[in-house]
file target_27.cif (mmCIF, C-alpha atoms and all ligand atoms)
data_structure
loop_
_atom_site.label_atom_id
_atom_site.label_comp_id
_atom_site.auth_asym_id
_atom_site.auth_seq_id
_atom_site.Cartn_x
_atom_site.Cartn_y
_atom_site.Cartn_z
CA MET A 1230 0.00 0.00 0.00
CA THR A 1231 1.53 3.29 -1.04
CA GLY A 1232 0.74 6.77 0.13
CA GLY A 1233 0.71 6.16 3.84
CA GLY A 1234 -3.00 5.86 4.36
CA LEU A 1235 -5.32 5.84 7.29
CA PRO A 1236 -6.40 2.77 9.25
CA GLY A 1237 -8.74 0.76 7.03
CA GLY A 1238 -6.95 1.81 3.86
CA ALA A 1239 -8.56 5.23 3.36
CA THR A 1240 -6.22 7.69 1.69
CA PRO A 1241 -6.42 11.32 2.72
CA GLY A 1242 -7.62 13.50 -0.12
CA PHE A 1243 -9.34 11.04 -2.41
CA ALA A 1244 -11.11 7.69 -2.58
CA ARG A 1245 -9.72 4.94 -4.79
CA GLY A 1246 -12.80 4.13 -6.88
CA ARG A 1247 -10.60 2.25 -9.32
CA ARG A 1248 -9.98 -0.56 -6.83
CA LEU A 1249 -13.32 -2.24 -7.52
CA ARG A 1250 -12.99 -1.72 -11.28
CA SER A 1251 -9.63 -3.36 -11.70
CA THR A 1252 -10.66 -6.79 -13.00
CA PRO A 1253 -13.67 -8.16 -14.91
CA ALA A 1254 -14.46 -10.42 -11.95
CA LEU A 1255 -14.52 -7.50 -9.51
CA ARG A 1256 -16.71 -5.49 -11.84
CA ARG A 1257 -19.05 -8.43 -12.25
CA LEU A 1258 -19.25 -8.99 -8.50
CA THR A 1259 -20.05 -5.37 -7.77
CA ALA A 1260 -22.43 -4.69 -10.68
CA GLN A 1261 -25.56 -3.08 -9.32
CA THR A 1262 -27.77 -3.88 -12.29
CA ARG A 1263 -27.98 -7.23 -14.07
CA LEU A 1264 -29.75 -8.17 -17.25
CA ALA A 1265 -31.49 -11.50 -17.67
CA PRO A 1266 -33.39 -12.91 -20.66
CA ALA A 1267 -36.54 -13.07 -18.53
CA ASP A 1268 -36.53 -9.26 -18.30
CA PHE A 1269 -37.25 -8.91 -22.01
CA VAL A 1270 -40.46 -8.84 -24.00
CA LEU A 1271 -40.21 -9.10 -27.78
CA PRO A 1272 -42.68 -7.05 -29.83
CA VAL A 1273 -43.73 -8.94 -32.98
CA PHE A 1274 -45.78 -8.02 -36.04
CA VAL A 1275 -48.12 -10.50 -37.70
CA LYS A 1276 -49.74 -9.63 -41.01
CA GLN A 1277 -52.81 -11.22 -42.50
CA GLY A 1278 -52.63 -12.80 -45.94
CA ILE A 1279 -48.89 -13.24 -46.42
CA ASP A 1280 -47.10 -16.60 -46.51
CA SER A 1281 -43.55 -15.50 -45.90
CA PRO A 1282 -42.03 -12.89 -43.61
CA GLN A 1283 -41.69 -9.38 -45.10
CA PRO A 1284 -38.72 -7.21 -44.13
CA ILE A 1285 -39.41 -3.76 -42.67
CA GLY A 1286 -37.22 -1.18 -44.41
CA SER A 1287 -36.80 1.16 -41.45
CA MET A 1288 -36.16 -1.67 -38.97
CA PRO A 1289 -33.37 -3.84 -40.38
CA GLY A 1290 -33.63 -7.34 -38.88
CA VAL A 1291 -37.31 -7.01 -37.93
CA VAL A 1292 -40.08 -8.49 -40.10
CA GLN A 1293 -43.81 -8.61 -40.53
CA HIS A 1294 -44.56 -12.26 -39.82
CA SER A 1295 -46.97 -14.65 -41.45
CA GLN A 1296 -48.91 -16.82 -39.01
CA GLU A 1297 -46.50 -19.68 -39.67
CA SER A 1298 -43.28 -17.70 -39.39
CA LEU A 1299 -44.57 -16.16 -36.16
CA ARG A 1300 -45.06 -19.61 -34.63
CA LYS A 1301 -41.46 -20.43 -35.43
CA ALA A 1302 -40.18 -17.11 -34.05
CA ALA A 1303 -42.24 -17.60 -30.88
CA ALA A 1304 -40.77 -21.06 -30.33
CA GLU A 1305 -37.28 -19.56 -30.70
CA ALA A 1306 -38.16 -16.80 -28.25
CA ALA A 1307 -39.33 -19.37 -25.72
CA GLU A 1308 -36.12 -21.33 -26.28
CA ALA A 1309 -34.11 -18.16 -25.64
CA GLY A 1310 -35.79 -17.82 -22.25
CA ILE A 1311 -37.25 -14.35 -22.75
CA GLY A 1312 -40.20 -13.20 -20.65
CA GLY A 1313 -42.90 -12.70 -23.21
CA LEU A 1314 -44.22 -11.54 -26.57
CA MET A 1315 -46.17 -8.40 -27.43
CA LEU A 1316 -48.22 -8.99 -30.60
CA PHE A 1317 -49.21 -6.38 -33.15
CA GLY A 1318 -51.64 -7.37 -35.89
CA ILE A 1319 -51.87 -5.97 -39.40
CA PRO A 1320 -55.28 -6.88 -40.83
CA ALA A 1321 -56.05 -7.23 -44.54
CA ASP A 1322 -59.09 -4.97 -44.14
CA LYS A 1323 -59.44 -1.83 -42.09
CA ASP A 1324 -62.58 0.15 -41.28
CA PRO A 1325 -63.52 3.22 -39.21
CA VAL A 1326 -64.07 1.27 -35.96
CA GLY A 1327 -61.26 -1.27 -36.29
CA SER A 1328 -63.54 -4.32 -36.44
CA GLN A 1329 -60.68 -6.72 -36.99
CA ALA A 1330 -59.23 -5.95 -33.57
CA ASP A 1331 -61.95 -7.91 -31.81
CA ALA A 1332 -63.02 -10.32 -34.55
CA ALA A 1333 -62.40 -13.88 -33.34
CA ASP A 1334 -60.84 -14.63 -36.73
CA GLY A 1335 -58.91 -11.35 -36.76
CA VAL A 1336 -55.20 -11.70 -37.46
CA VAL A 1337 -53.96 -11.04 -33.95
CA ASN A 1338 -56.58 -13.17 -32.24
CA VAL A 1339 -55.82 -16.12 -34.50
CA ALA A 1340 -52.13 -15.67 -33.70
CA LEU A 1341 -52.80 -15.57 -29.96
CA GLN A 1342 -54.86 -18.75 -30.20
CA GLN A 1343 -52.17 -20.55 -32.12
CA LEU A 1344 -49.30 -19.43 -29.90
CA ARG A 1345 -51.22 -20.30 -26.73
CA ALA A 1346 -51.86 -23.77 -28.15
CA ASP A 1347 -48.19 -24.13 -29.16
CA LEU A 1348 -46.57 -22.73 -26.05
CA GLY A 1349 -49.09 -22.92 -23.22
CA ASP A 1350 -47.79 -20.76 -20.38
CA GLU A 1351 -44.14 -20.87 -21.41
CA LEU A 1352 -44.11 -17.21 -22.46
CA VAL A 1353 -46.35 -14.37 -21.32
CA LEU A 1354 -48.47 -13.71 -24.40
CA MET A 1355 -49.86 -10.24 -24.79
CA ALA A 1356 -51.15 -8.10 -27.60
CA ASP A 1357 -51.10 -4.35 -27.96
CA LEU A 1358 -54.64 -3.23 -27.19
CA CYS A 1359 -55.28 -0.36 -29.54
CA LEU A 1360 -57.22 0.42 -32.70
CA CYS A 1361 -54.62 2.25 -34.78
CA GLU A 1362 -53.48 -0.83 -36.71
CA TYR A 1363 -57.12 -1.69 -37.46
CA THR A 1364 -58.76 1.61 -38.36
CA ASP A 1365 -58.71 2.98 -41.91
CA HIS A 1366 -57.97 6.48 -40.58
CA GLY A 1367 -55.07 5.18 -38.46
CA HIS A 1368 -56.12 6.79 -35.17
CA CYS A 1369 -56.15 4.91 -31.88
CA GLY A 1370 -59.88 5.37 -31.38
CA VAL A 1371 -63.10 6.05 -33.24
CA VAL A 1372 -63.39 9.55 -34.69
CA THR A 1373 -66.24 12.05 -34.89
CA PRO A 1374 -67.34 13.39 -38.30
CA ALA A 1375 -65.24 16.45 -37.45
CA GLY A 1376 -62.17 14.23 -37.17
CA VAL A 1377 -61.77 14.33 -33.39
CA VAL A 1378 -60.75 11.11 -31.66
CA ASP A 1379 -63.82 10.38 -29.56
CA ASN A 1380 -62.85 9.23 -26.09
CA ASP A 1381 -65.91 7.59 -24.59
CA PRO A 1382 -67.20 5.54 -27.55
CA THR A 1383 -63.63 4.29 -27.93
CA LEU A 1384 -63.76 2.83 -24.41
CA ASP A 1385 -66.46 0.35 -25.43
CA ARG A 1386 -64.33 -0.74 -28.36
CA TYR A 1387 -61.31 -1.27 -26.10
CA ALA A 1388 -63.35 -3.37 -23.66
CA ALA A 1389 -64.52 -5.56 -26.54
CA VAL A 1390 -60.96 -5.95 -27.84
CA ALA A 1391 -59.72 -6.91 -24.37
CA VAL A 1392 -62.35 -9.63 -24.07
CA ALA A 1393 -61.54 -10.93 -27.57
CA GLN A 1394 -57.82 -11.07 -26.76
CA ALA A 1395 -58.44 -12.85 -23.46
CA GLN A 1396 -60.73 -15.31 -25.20
CA ALA A 1397 -58.02 -15.95 -27.79
CA GLY A 1398 -55.51 -16.78 -25.07
CA ALA A 1399 -53.72 -13.57 -24.09
CA HIS A 1400 -52.16 -13.87 -20.63
CA LEU A 1401 -52.54 -10.14 -20.12
CA VAL A 1402 -53.84 -7.14 -22.03
CA ALA A 1403 -51.86 -3.98 -22.67
CA PRO A 1404 -53.91 -0.91 -23.60
CA SER A 1405 -51.81 1.67 -25.45
CA GLY A 1406 -54.37 4.11 -26.82
CA MET A 1407 -54.13 6.78 -24.09
CA MET A 1408 -57.89 7.33 -23.86
CA ASP A 1409 -59.05 8.61 -20.48
CA GLY A 1410 -60.77 5.90 -18.48
CA GLN A 1411 -59.49 3.06 -20.64
CA VAL A 1412 -58.21 0.91 -17.80
CA ALA A 1413 -61.50 1.11 -15.86
CA ALA A 1414 -63.51 0.28 -18.98
CA ILE A 1415 -61.27 -2.67 -19.85
CA ARG A 1416 -61.29 -3.99 -16.27
CA ALA A 1417 -65.09 -3.83 -16.20
CA GLY A 1418 -65.32 -5.56 -19.58
CA LEU A 1419 -62.94 -8.34 -18.60
CA ASP A 1420 -64.63 -8.90 -15.25
CA ALA A 1421 -68.09 -9.03 -16.83
CA ALA A 1422 -66.80 -11.73 -19.20
CA ALA A 1423 -65.38 -13.70 -16.24
CA PHE A 1424 -61.75 -12.81 -17.05
CA THR A 1425 -61.16 -11.49 -13.54
CA GLU A 1426 -57.70 -13.08 -13.47
CA VAL A 1427 -56.40 -11.43 -16.64
CA PRO A 1428 -54.08 -8.59 -15.62
CA ILE A 1429 -53.80 -5.18 -17.27
CA LEU A 1430 -50.40 -3.76 -18.16
CA ALA A 1431 -51.23 -0.11 -18.83
CA TYR A 1432 -49.15 1.93 -21.24
CA ALA A 1433 -49.68 4.60 -18.61
CA ALA A 1434 -47.11 7.22 -19.59
CA LYS A 1435 -47.00 7.10 -23.36
CA TYR A 1436 -45.60 10.15 -25.05
CA ALA A 1437 -46.40 11.58 -28.48
CA SER A 1438 -42.97 10.66 -29.75
CA GLY A 1439 -41.02 11.11 -32.94
CA PHE A 1440 -39.37 7.79 -32.14
CA TYR A 1441 -42.41 5.80 -33.29
CA GLY A 1442 -41.61 6.55 -36.94
CA PRO A 1443 -40.36 3.13 -38.05
CA PHE A 1444 -43.22 1.41 -36.19
CA ARG A 1445 -45.74 3.18 -38.38
CA GLU A 1446 -44.22 1.36 -41.36
CA ALA A 1447 -44.01 -1.92 -39.46
CA ALA A 1448 -47.62 -1.84 -38.27
CA GLU A 1449 -49.01 0.13 -41.22
CA GLY A 1450 -50.84 2.39 -38.79
CA ALA A 1451 -49.87 5.97 -39.56
CA PRO A 1452 -52.68 8.47 -38.93
CA GLN A 1453 -54.23 9.57 -42.23
CA PHE A 1454 -54.86 13.07 -40.85
CA GLY A 1455 -53.54 14.96 -37.85
CA ASP A 1456 -51.33 13.29 -35.29
CA ARG A 1457 -51.62 11.69 -31.85
CA SER A 1458 -50.82 14.80 -29.80
CA THR A 1459 -54.38 15.18 -28.51
CA TYR A 1460 -54.22 11.88 -26.66
CA GLN A 1461 -50.58 10.88 -26.17
CA MET A 1462 -48.53 12.87 -23.65
CA ASP A 1463 -46.54 15.97 -24.42
CA PRO A 1464 -42.76 15.32 -24.18
CA PRO A 1465 -41.98 18.30 -21.89
CA ASN A 1466 -44.21 16.96 -19.11
CA ALA A 1467 -43.11 14.81 -16.16
CA ALA A 1468 -45.65 15.46 -13.38
CA GLU A 1469 -48.37 14.44 -15.79
CA ALA A 1470 -46.75 11.03 -16.19
CA LEU A 1471 -47.12 10.40 -12.47
CA ARG A 1472 -50.72 11.53 -12.65
CA GLU A 1473 -51.42 9.16 -15.55
CA VAL A 1474 -49.77 6.31 -13.67
CA ARG A 1475 -51.73 6.97 -10.47
CA GLN A 1476 -54.94 7.27 -12.41
CA ASP A 1477 -54.35 3.95 -14.21
CA LEU A 1478 -53.56 2.23 -10.92
CA ALA A 1479 -56.70 3.68 -9.34
CA GLU A 1480 -58.68 2.30 -12.30
CA GLY A 1481 -57.25 -1.17 -11.73
CA ALA A 1482 -54.00 -1.49 -13.68
CA ASP A 1483 -51.76 -4.30 -12.38
CA ALA A 1484 -48.55 -3.00 -13.94
CA VAL A 1485 -47.54 0.15 -15.78
CA MET A 1486 -45.38 1.10 -18.71
CA VAL A 1487 -43.36 4.12 -19.75
CA LYS A 1488 -42.82 4.65 -23.46
CA PRO A 1489 -40.45 5.42 -25.19
CA ALA A 1490 -37.60 4.32 -22.91
CA LEU A 1491 -34.24 5.96 -23.49
CA PRO A 1492 -35.34 9.59 -23.96
CA TYR A 1493 -37.60 9.16 -20.88
CA LEU A 1494 -35.33 7.47 -18.33
CA ASP A 1495 -36.11 10.26 -15.87
CA ILE A 1496 -39.77 9.29 -16.09
CA VAL A 1497 -38.95 5.60 -15.66
CA ARG A 1498 -37.04 6.45 -12.48
CA GLN A 1499 -39.76 8.71 -11.09
CA VAL A 1500 -42.47 6.15 -11.79
CA ALA A 1501 -40.42 3.30 -10.30
CA ASP A 1502 -39.90 5.34 -7.14
CA ALA A 1503 -43.56 6.29 -6.90
CA VAL A 1504 -45.35 2.96 -7.33
CA ASP A 1505 -45.32 -0.54 -5.88
CA VAL A 1506 -46.29 -2.41 -9.05
CA PRO A 1507 -44.00 -3.72 -11.80
CA VAL A 1508 -42.76 -1.04 -14.19
CA SER A 1509 -42.05 -1.79 -17.85
CA ALA A 1510 -40.34 0.43 -20.38
CA TYR A 1511 -40.76 0.15 -24.15
CA GLN A 1512 -37.62 0.66 -26.18
CA VAL A 1513 -39.43 1.76 -29.32
CA SER A 1514 -38.80 1.38 -33.03
CA GLY A 1515 -36.93 4.67 -33.42
CA GLU A 1516 -34.57 3.79 -30.57
CA TYR A 1517 -33.90 0.49 -32.33
CA ALA A 1518 -33.40 2.11 -35.73
CA MET A 1519 -31.07 4.74 -34.34
CA VAL A 1520 -28.59 2.21 -32.94
CA GLU A 1521 -28.87 -0.07 -35.96
CA ALA A 1522 -28.18 2.82 -38.34
CA ALA A 1523 -25.20 4.06 -36.34
CA ALA A 1524 -23.80 0.53 -36.04
CA GLU A 1525 -24.23 -0.11 -39.74
CA ARG A 1526 -22.14 2.96 -40.46
CA GLY A 1527 -19.48 1.82 -38.02
CA MET A 1528 -20.17 4.70 -35.65
CA VAL A 1529 -20.85 2.58 -32.56
CA ASP A 1530 -20.06 -0.97 -31.48
CA ARG A 1531 -23.48 -2.53 -31.99
CA ARG A 1532 -23.47 -5.14 -29.25
CA ARG A 1533 -21.98 -2.82 -26.65
CA ALA A 1534 -24.41 -0.06 -27.48
CA ILE A 1535 -27.42 -2.38 -27.34
CA LEU A 1536 -26.47 -3.91 -24.00
CA GLU A 1537 -25.72 -0.47 -22.60
CA THR A 1538 -29.17 0.84 -23.55
CA LEU A 1539 -30.85 -2.20 -22.00
CA THR A 1540 -28.79 -1.91 -18.83
CA SER A 1541 -29.60 1.79 -18.56
CA ILE A 1542 -33.32 1.15 -18.82
CA ARG A 1543 -33.13 -1.49 -16.08
CA ARG A 1544 -30.91 0.79 -13.98
CA ALA A 1545 -33.50 3.57 -14.24
CA GLY A 1546 -35.95 1.25 -12.50
CA ALA A 1547 -37.81 -0.77 -15.14
CA SER A 1548 -38.15 -4.44 -14.24
CA THR A 1549 -39.21 -5.35 -17.78
CA VAL A 1550 -37.94 -4.00 -21.10
CA LEU A 1551 -39.87 -4.34 -24.33
CA THR A 1552 -37.18 -4.50 -26.99
CA TYR A 1553 -36.82 -5.65 -30.58
CA TRP A 1554 -33.43 -7.06 -29.55
CA ALA A 1555 -34.96 -9.36 -26.92
CA VAL A 1556 -33.94 -12.68 -28.45
CA GLU A 1557 -30.52 -11.57 -29.64
CA ALA A 1558 -29.68 -9.94 -26.30
CA ALA A 1559 -30.90 -13.03 -24.46
CA ALA A 1560 -28.46 -15.14 -26.46
CA TRP A 1561 -25.59 -12.77 -25.54
CA LEU A 1562 -26.45 -13.11 -21.85
CA ARG A 1563 -26.36 -16.89 -21.83
C1 LIG A 1601 -50.10 1.86 -30.92
C2 LIG A 1601 -48.66 1.74 -30.67
C3 LIG A 1601 -47.58 2.46 -31.21
C4 LIG A 1601 -46.42 1.87 -30.73
C5 LIG A 1601 -46.81 0.83 -29.90
N1 LIG A 1601 -48.19 0.78 -29.86
C6 LIG A 1601 -47.56 3.57 -32.19
C7 LIG A 1601 -48.13 4.85 -31.85
O1 LIG A 1601 -48.64 5.08 -30.76
O2 LIG A 1601 -48.07 5.72 -32.71
C8 LIG A 1601 -45.01 2.25 -31.07
C9 LIG A 1601 -44.00 1.17 -30.87
C10 LIG A 1601 -42.69 1.44 -31.49
O3 LIG A 1601 -42.43 2.53 -32.04
O4 LIG A 1601 -41.84 0.53 -31.46
N2 LIG A 1601 -50.79 2.83 -30.25
#
call {"tool": "encode", "arguments": {"input": "target_27.cif", "output": "structure tokens", "more": "lines below"}}
Ligand code: PBG
result
Amino acid sequence: MTGGGLPGGATPGFARGRRLRSTPALRRLTAQTRLAPADFVLPVFVKQGIDSPQPIGSMPGVVQHSQESLRKAAAEAAEAGIGGLMLFGIPADKDPVGSQADAADGVVNVALQQLRADLGDELVLMADLCLCEYTDHGHCGVVTPAGVVDNDPTLDRYAAVAVAQAQAGAHLVAPSGMMDGQVAAIRAGLDAAAFTEVPILAYAAKYASGFYGPFREAAEGAPQFGDRSTYQMDPPNAAEALREVRQDLAEGADAVMVKPALPYLDIVRQVADAVDVPVSAYQVSGEYAMVEAAAERGMVDRRRAILETLTSIRRAGASTVLTYWAVEAAAWLR
């Protein structure tokens, strides 16, 4: 020991933080945040009427699945030990009320049925509960003749979609439309249909984000007029996120989500500190595309950057991360 030092090894003037960083084993032993495959949920897209997977231009490595290719991908996800799947359906036909979202033979409900039969309870199966992929106007709810997204009539639609998803085999439902009162309406609908045990993971703090861009191509759900700023949250606001979370919990949500993840880590932390339910964060399509594009151009080390983003989201307080890298990252962690 150089430098004299006090009893116990303390050195006057400064602390030797490097001591615990000096070998990989010491760093591993003292790591405060760990990633595990079970933390991850993989979002997947399933499109009606295709027989082979279609690449998504803005999300290299992600595809729109056919029913068959989805079954294969789901089996691989289960094999990788990830926590669950979040399904998004792209129907062949869209209409003003999004009928295909709750049709028993609708693309996402057929997929849920098949995956539940294939995998049982091996993975947590959930589907995004929203209308934007199913409406011809691309908004998350029904719209008035004046083009305003109409909150209360949308609630009945969400309740019907929740029941259809539960009937098809969803282990939990995840409303993402940001209508006021949606959790209460969905809880009442599920309970009335005897699905009292199906939990609700509320996309409670969902921001009107520019980072959803690539998703709109993946899910073919871009609004045909206007944008989502009248229902999704405004990026400058933080207190409102806590209010949304508290409101969803009061309405009966079992778990809550913050979305997007990386630009909103402060919100993830505040929510995690404020609640006693599981907190998820959704690393969205634009976050994915950003790293993939930079890595492709040699600007960042892809694997390092990906694992660092996932670690940061967990460190901020999310217990679950929805990420398009779920299966690949799970393989790295093995
Ligand atoms: C549907 C929904 C969206 C996303 C998840 N659910 C799009 C949106 O709200 O515009 C985005 C996911 C992603 O970008 O990866 N409401």
call {"tool": "residues_near_ligand", "arguments": {"input": "target_27.cif", "ligand": "ligand LIG 1601 (chain A)", "cutoff": "10 Å", "atoms": "all atoms listed in the file", "output": "number ranges by chain"}}
result
A: 1272-1273, 1288, 1315-1317, 1356-1362, 1367-1370, 1403-1407, 1432, 1435-1452, 1456-1458, 1460-1461, 1488-1489, 1511-1518, 1551-1553
call {"tool": "residues_around", "arguments": {"input": "target_27.cif", "residues": "stretch 1411-1413 of chain A", "least_positions_apart": "3", "cutoff": "6 Å", "atoms": "only C-alpha atoms", "output": "ChimeraX atom specification"}}
result
/A:1384,1408,1416,1480
call {"tool": "closest_residue", "arguments": {"input": "target_27.cif", "among": "A:Gln1394, A:Ala1307, A:Asp1280, A:Gly1349", "to": "A:Ala1332", "atoms": "all atoms listed in the file"}}
result
A:Gln1394
call {"tool": "residues_around", "arguments": {"input": "target_27.cif", "residues": "stretch 1523-1539 of chain A", "least_positions_apart": "5", "cutoff": "8 Å", "atoms": "all atoms listed in the file", "output": "MDAnalysis selection string"}}
result
chainID A and resid 1264 1491 1550 1554 1558
call {"tool": "atom_distance", "arguments": {"input": "target_27.cif", "atom1": "atom CA of A:Val1337", "atom2": "atom CA of A:Leu1299"}}
result
10.9 Å
call {"tool": "closest_residue", "arguments": {"input": "target_27.cif", "among": "A:Gln1453, A:Ala1375, A:Gly1481, A:Pro1465", "to": "A:Ile1415", "atoms": "all atoms listed in the file"}}
result
A:Gly1481
call {"tool": "closest_residue", "arguments": {"input": "target_27.cif", "among": "A:Ala1399, A:Val1500, A:Ala1414, A:Ala1545", "to": "A:Gln1261", "atoms": "only C-alpha atoms"}}
result
A:Ala1545
call {"tool": "build_atoms", "arguments": {"input": "target_27.cif", "residues": "stretch 1397-1417 of chain A", "atoms": "N, CA and C atoms", "output": "tab-separated table (two decimals), in the frame of the given file"}}
result
chain	number	residue	atom	x	y	z
A	1397	ALA	N	-58.97	-15.33	-26.86
A	1397	ALA	CA	-58.02	-15.95	-27.79
A	1397	ALA	C	-56.82	-16.55	-27.07
A	1398	GLY	N	-56.62	-16.16	-25.81
A	1398	GLY	CA	-55.51	-16.78	-25.07
A	1398	GLY	C	-54.46	-15.83	-24.56
A	1399	ALA	N	-54.69	-14.53	-24.64
A	1399	ALA	CA	-53.72	-13.57	-24.09
A	1399	ALA	C	-53.60	-13.76	-22.58
A	1400	HIS	N	-52.36	-13.76	-22.08
A	1400	HIS	CA	-52.16	-13.87	-20.63
A	1400	HIS	C	-52.41	-12.53	-19.95
A	1401	LEU	N	-52.21	-11.45	-20.67
A	1401	LEU	CA	-52.54	-10.14	-20.12
A	1401	LEU	C	-52.85	-9.20	-21.27
A	1402	VAL	N	-53.53	-8.11	-20.98
A	1402	VAL	CA	-53.84	-7.14	-22.03
A	1402	VAL	C	-53.10	-5.84	-21.73
A	1403	ALA	N	-52.73	-5.15	-22.80
A	1403	ALA	CA	-51.86	-3.98	-22.67
A	1403	ALA	C	-52.42	-2.81	-23.48
A	1404	PRO	N	-53.32	-2.03	-22.87
A	1404	PRO	CA	-53.91	-0.91	-23.60
A	1404	PRO	C	-52.90	0.22	-23.83
A	1405	SER	N	-52.81	0.67	-25.10
A	1405	SER	CA	-51.81	1.67	-25.45
A	1405	SER	C	-52.41	2.91	-26.09
A	1406	GLY	N	-53.73	3.05	-26.06
A	1406	GLY	CA	-54.37	4.11	-26.82
A	1406	GLY	C	-54.42	5.47	-26.15
A	1407	MET	N	-54.13	5.52	-24.84
A	1407	MET	CA	-54.13	6.78	-24.09
A	1407	MET	C	-55.47	7.49	-24.10
A	1408	MET	N	-56.58	6.72	-24.09
A	1408	MET	CA	-57.89	7.33	-23.86
A	1408	MET	C	-58.09	7.43	-22.36
A	1409	ASP	N	-58.76	8.48	-21.91
A	1409	ASP	CA	-59.05	8.61	-20.48
A	1409	ASP	C	-60.09	7.56	-20.08
A	1410	GLY	N	-59.82	6.90	-18.97
A	1410	GLY	CA	-60.77	5.90	-18.48
A	1410	GLY	C	-60.62	4.52	-19.11
A	1411	GLN	N	-59.58	4.33	-19.92
A	1411	GLN	CA	-59.49	3.06	-20.64
A	1411	GLN	C	-59.25	1.86	-19.73
A	1412	VAL	N	-58.49	2.07	-18.67
A	1412	VAL	CA	-58.21	0.91	-17.80
A	1412	VAL	C	-59.49	0.48	-17.07
A	1413	ALA	N	-60.25	1.45	-16.56
A	1413	ALA	CA	-61.50	1.11	-15.86
A	1413	ALA	C	-62.46	0.39	-16.80
A	1414	ALA	N	-62.58	0.89	-18.03
A	1414	ALA	CA	-63.51	0.28	-18.98
A	1414	ALA	C	-63.08	-1.15	-19.32
A	1415	ILE	N	-61.78	-1.34	-19.50
A	1415	ILE	CA	-61.27	-2.67	-19.85
A	1415	ILE	C	-61.42	-3.63	-18.67
A	1416	ARG	N	-61.14	-3.13	-17.46
A	1416	ARG	CA	-61.29	-3.99	-16.27
A	1416	ARG	C	-62.74	-4.44	-16.13
A	1417	ALA	N	-63.66	-3.49	-16.32
A	1417	ALA	CA	-65.09	-3.83	-16.20
A	1417	ALA	C	-65.48	-4.85	-17.27
